file target_16.cif (mmCIF, C-alpha atoms)
data_run
#
loop_
_atom_site.label_atom_id
_atom_site.label_comp_id
_atom_site.auth_asym_id
_atom_site.auth_seq_id
_atom_site.Cartn_x
_atom_site.Cartn_y
_atom_site.Cartn_z
CA MET A 1 12.25 -9.90 13.51
CA ALA A 2 10.13 -10.65 16.58
CA ARG A 3 10.73 -14.11 17.91
CA LEU A 4 8.79 -16.20 20.33
CA VAL A 5 10.34 -19.60 20.85
CA ARG A 6 7.90 -22.16 22.18
CA ASN A 7 9.58 -24.55 24.55
CA GLN A 8 7.51 -27.53 23.42
CA LYS A 9 8.26 -27.40 19.71
CA ASP A 10 11.05 -24.83 19.43
CA SER A 11 9.09 -23.12 16.65
CA ILE A 12 9.78 -19.43 16.16
CA LEU A 13 6.81 -17.09 16.02
CA ARG A 14 6.44 -13.40 15.29
CA VAL A 15 4.16 -11.67 17.80
CA LEU A 16 2.51 -8.24 17.76
CA VAL A 17 0.77 -6.91 20.88
CA VAL A 18 -1.66 -4.05 20.15
CA GLU A 19 -2.91 -2.21 23.23
CA ASP A 20 -3.26 1.54 23.83
CA HIS A 21 -2.42 1.32 27.55
CA ALA A 22 1.33 0.84 27.90
CA SER A 23 1.13 -0.79 31.33
CA PHE A 24 -1.37 -3.38 30.11
CA ARG A 25 0.74 -4.00 26.99
CA LYS A 26 3.74 -4.72 29.25
CA LEU A 27 1.63 -7.07 31.38
CA ILE A 28 0.66 -9.06 28.28
CA CYS A 29 4.28 -9.27 27.15
CA SER A 30 5.52 -10.37 30.57
CA THR A 31 2.78 -13.02 30.77
CA LEU A 32 3.92 -14.46 27.45
CA LYS A 33 7.56 -14.34 28.56
CA LYS A 34 6.76 -16.43 31.64
CA LYS A 35 5.71 -19.37 29.47
CA TRP A 36 7.99 -18.97 26.47
CA ASN A 37 11.54 -17.91 25.82
CA VAL A 38 10.83 -14.60 24.08
CA GLU A 39 13.57 -12.86 22.18
CA HIS A 40 11.38 -9.88 21.23
CA ILE A 41 7.70 -9.01 20.88
CA PHE A 42 6.64 -6.06 18.74
CA GLU A 43 4.16 -3.60 20.17
CA ALA A 44 1.67 -1.10 18.75
CA SER A 45 -0.58 1.39 20.54
CA ASP A 46 -3.34 2.12 18.01
CA GLY A 47 -5.29 0.52 15.19
CA PHE A 48 -3.51 2.30 12.35
CA GLU A 49 -0.11 1.29 13.74
CA ALA A 50 -1.38 -2.30 14.10
CA VAL A 51 -2.23 -2.44 10.39
CA LYS A 52 1.08 -0.85 9.39
CA ARG A 53 3.19 -3.11 11.64
CA THR A 54 1.31 -6.20 10.46
CA GLU A 55 1.94 -5.30 6.85
CA GLU A 56 5.66 -4.87 7.59
CA LEU A 57 6.17 -7.82 9.94
CA ARG A 58 3.54 -10.40 8.93
CA PRO A 59 3.30 -11.67 12.52
CA ASP A 60 2.10 -15.17 13.25
CA LEU A 61 0.09 -13.93 16.24
CA ILE A 62 -1.60 -10.58 16.89
CA LEU A 63 -3.01 -9.82 20.33
CA LEU A 64 -5.48 -7.02 19.63
CA ASP A 65 -7.63 -4.75 21.79
CA ILE A 66 -10.97 -3.53 20.40
CA GLY A 67 -10.98 -0.04 21.97
CA LEU A 68 -8.05 1.56 20.16
CA PRO A 69 -7.37 5.09 18.90
CA THR A 70 -7.32 5.87 15.13
CA LEU A 71 -8.96 2.56 14.11
CA SER A 72 -10.85 0.23 16.39
CA GLY A 73 -9.49 -3.28 16.75
CA ILE A 74 -12.41 -4.53 14.64
CA GLN A 75 -11.56 -2.11 11.83
CA ALA A 76 -7.86 -2.94 12.11
CA ALA A 77 -8.61 -6.69 11.93
CA ARG A 78 -10.65 -6.18 8.75
CA HIS A 79 -7.75 -4.33 7.11
CA ILE A 80 -5.24 -6.91 8.36
CA ARG A 81 -7.30 -9.77 6.89
CA GLU A 82 -7.07 -8.13 3.44
CA PHE A 83 -3.32 -8.86 3.22
CA SER A 84 -2.44 -11.20 6.08
CA THR A 85 -4.88 -14.09 6.28
CA LYS A 86 -2.37 -16.40 7.98
CA SER A 87 -1.84 -14.15 11.03
CA LYS A 88 -3.79 -15.43 14.03
CA ILE A 89 -5.80 -12.67 15.71
CA LEU A 90 -6.67 -12.97 19.38
CA PHE A 91 -8.81 -10.16 20.76
CA LEU A 92 -8.09 -9.09 24.36
CA THR A 93 -10.74 -6.59 25.37
CA MET A 94 -13.03 -5.26 28.09
CA GLU A 95 -16.02 -5.65 25.77
CA SER A 96 -18.11 -8.76 26.40
CA SER A 97 -21.36 -8.10 24.53
CA ASP A 98 -22.61 -10.67 22.03
CA GLU A 99 -22.48 -8.00 19.32
CA ALA A 100 -18.80 -7.25 19.96
CA VAL A 101 -17.88 -10.95 19.97
CA GLN A 102 -19.80 -11.52 16.73
CA GLU A 103 -18.15 -8.52 15.05
CA ALA A 104 -14.73 -9.66 16.19
CA PHE A 105 -15.16 -13.10 14.63
CA ARG A 106 -16.71 -11.60 11.49
CA SER A 107 -13.62 -9.41 11.16
CA GLY A 108 -11.40 -12.49 11.14
CA ALA A 109 -10.64 -13.21 14.79
CA ASN A 110 -9.36 -16.60 15.86
CA GLY A 111 -10.01 -15.99 19.53
CA TYR A 112 -11.58 -13.67 22.07
CA VAL A 113 -10.68 -13.12 25.73
CA VAL A 114 -12.20 -10.60 28.13
CA LYS A 115 -9.44 -8.73 29.97
CA SER A 116 -10.87 -9.59 33.38
CA LYS A 117 -10.05 -13.25 32.57
CA LEU A 118 -6.59 -12.55 31.16
CA ALA A 119 -4.66 -14.08 34.08
CA THR A 120 -6.42 -17.43 33.73
CA GLU A 121 -7.11 -17.59 29.98
CA LEU A 122 -4.37 -15.82 28.02
CA LEU A 123 -1.90 -18.69 27.70
CA THR A 124 -4.61 -21.23 26.91
CA ALA A 125 -6.09 -18.88 24.32
CA VAL A 126 -2.70 -18.35 22.67
CA ASP A 127 -2.01 -22.11 22.56
CA THR A 128 -5.47 -22.75 21.11
CA VAL A 129 -5.31 -20.20 18.30
CA LEU A 130 -1.74 -21.18 17.41
CA ARG A 131 -3.00 -24.75 16.94
CA GLY A 132 -5.47 -23.37 14.39
CA GLU A 133 -8.53 -23.65 16.62
CA GLN A 134 -10.91 -20.93 17.71
CA PHE A 135 -10.98 -19.79 21.34
CA LEU A 136 -13.90 -18.16 23.12
CA GLY A 137 -13.25 -17.00 26.66
CA SER A 138 -15.29 -18.15 29.62
CA GLY A 139 -18.41 -16.20 30.43
CA LEU A 140 -19.06 -15.50 26.75
CA LYS A 141 -21.94 -17.20 24.99
CA PRO A 142 -20.88 -19.92 22.56
CA SER A 143 -23.94 -19.02 20.50
CA SER A 144 -22.41 -15.64 19.68
CA LEU A 145 -19.47 -17.40 18.04
CA LEU A 146 -21.69 -19.83 16.18
CA GLU A 147 -23.97 -17.05 14.97
CA SER A 148 -21.13 -14.79 13.92
CA VAL A 149 -19.18 -16.94 11.50
CA SER A 150 -20.26 -20.11 9.79
CA SER A 151 -17.45 -22.59 9.25
CA SER A 152 -17.68 -22.22 5.47
CA GLU A 153 -17.44 -18.42 5.71
CA TYR A 154 -14.39 -18.77 7.95
CA GLU A 155 -12.75 -21.30 5.62
CA ASN A 156 -13.41 -19.03 2.64
CA LYS A 157 -11.57 -16.20 4.39
CA LEU A 158 -8.59 -18.42 5.16
CA GLY A 159 -8.68 -20.17 1.79
CA ALA A 160 -8.37 -16.89 -0.09
CA GLU A 161 -4.65 -16.81 0.66
CA ALA A 162 -3.85 -20.29 -0.65
#
call {"tool": "encode", "arguments": {"input": "target_16.cif", "output": "structure tokens"}}
result
Amino acid sequence: MARLVRNQKDSILRVLVVEDHASFRKLICSTLKKKWNVEHIFEASDGFEAVKRTEELRPDLILLDIGLPTLSGIQAARHIREFSTKSKILFLTMESSDEAVQEAFRSGANGYVVKSKLATELLTAVDTVLRGEQFLGSGLKPSSLLESVSSSEYENKLGAEA
């Protein structure tokens, strides 16, 4: 079982990092390890593997790229939401268009960070989505989040699991 132990609360989390570039995947993992005592973080390199690993592991947190082989991150998130509504999905991507942000949140995202801001926003984004709040990275238009998912639509998606 993947374990991420948060120093503040000593809660154990299961984490899945989905990125097709191995070096970037390792960077994400090492960034998380700098803040938290990480026993193990699971990794996947494509959208199909992300869905499969999520179904097996039921991670608490999924860090997901959009531009993935086999299934895009958006497609993977839609599949993941069908059976794992409690997993928090944080998109980490190069894509910053309003359309991409809207699609990400429509697919069930809890947060969105552009990779160029990873060094300054990743840890804040992770903290925010783990608290149950949505995170939208700097430089992205808040209107794209508001237009993409109404609060009732979002609550309906999350309430389906209860």
call {"tool": "atom_distance", "arguments": {"input": "target_16.cif", "atom1": "atom CA of A:Asn110", "atom2": "atom CA of A:Leu68"}}
result
18.7 Å
call {"tool": "closest_residue", "arguments": {"input": "target_16.cif", "among": "A:Gln75, A:Ser138, A:Thr128, A:Thr120", "to": "A:Ser107", "atoms": "only C-alpha atoms"}}
result
A:Gln75
call {"tool": "atom_distance", "arguments": {"input": "target_16.cif", "atom1": "atom CA of A:Ser23", "atom2": "atom CA of A:Ser72"}}
result
19.2 Å
call {"tool": "residues_around", "arguments": {"input": "target_16.cif", "residues": "A:Gly73", "least_positions_apart": "6", "cutoff": "9 Å", "atoms": "all atoms listed in the file", "output": "PDB file with C-alpha atoms, in the frame of the given file"}}
result
ATOM      1  CA  VAL A  18      -1.660  -4.050  20.150  1.00  0.00           C
ATOM      2  CA  ASP A  46      -3.340   2.120  18.010  1.00  0.00           C
ATOM      3  CA  GLY A  47      -5.290   0.520  15.190  1.00  0.00           C
ATOM      4  CA  ALA A  50      -1.380  -2.300  14.100  1.00  0.00           C
ATOM      5  CA  LEU A  64      -5.480  -7.020  19.630  1.00  0.00           C
ATOM      6  CA  ASP A  65      -7.630  -4.750  21.790  1.00  0.00           C
ATOM      7  CA  ILE A  66     -10.970  -3.530  20.400  1.00  0.00           C
ATOM      8  CA  GLY A  67     -10.980  -0.040  21.970  1.00  0.00           C
ATOM      9  CA  PHE A  91      -8.810 -10.160  20.760  1.00  0.00           C
ATOM     10  CA  ALA A 104     -14.730  -9.660  16.190  1.00  0.00           C
TER      11      ALA A 104
END
call {"tool": "atom_distance", "arguments": {"input": "target_16.cif", "atom1": "atom CA of A:Ser87", "atom2": "atom CA of A:Ala44"}}
result
15.6 Å
call {"tool": "closest_residue", "arguments": {"input": "target_16.cif", "among": "A:Ala77, A:Ile62, A:Leu71, A:Ala22", "to": "A:Val129", "atoms": "all atoms listed in the file"}}
result
A:Ile62
call {"tool": "resolve_selection", "arguments": {"input": "target_16.cif", "expression": "the PyMOL selection byres ((chain A and resi 113) around 9)", "output": "ChimeraX atom specification"}}
result
/A:90-94,96,111-112,114-118,121-122,125,135-138,140
call {"tool": "closest_residue", "arguments": {"input": "target_16.cif", "among": "A:His79, A:Lys88, A:Lys26, A:Arg53", "to": "A:Arg131", "atoms": "all atoms listed in the file"}}
result
A:Lys88
call {"tool": "closest_residue", "arguments": {"input": "target_16.cif", "among": "A:Gly132, A:Val101, A:Ala76, A:Lys141", "to": "A:Leu63", "atoms": "all atoms listed in the file"}}
result
A:Ala76
call {"tool": "closest_residue", "arguments": {"input": "target_16.cif", "among": "A:Glu55, A:Glu19, A:Glu95, A:Glu43", "to": "A:Gly139", "atoms": "all atoms listed in the file"}}
result
A:Glu95
call {"tool": "closest_residue", "arguments": {"input": "target_16.cif", "among": "A:Ile41, A:Ile80, A:Val15, A:Ala109", "to": "A:Leu61", "atoms": "all atoms listed in the file"}}
result
A:Val15
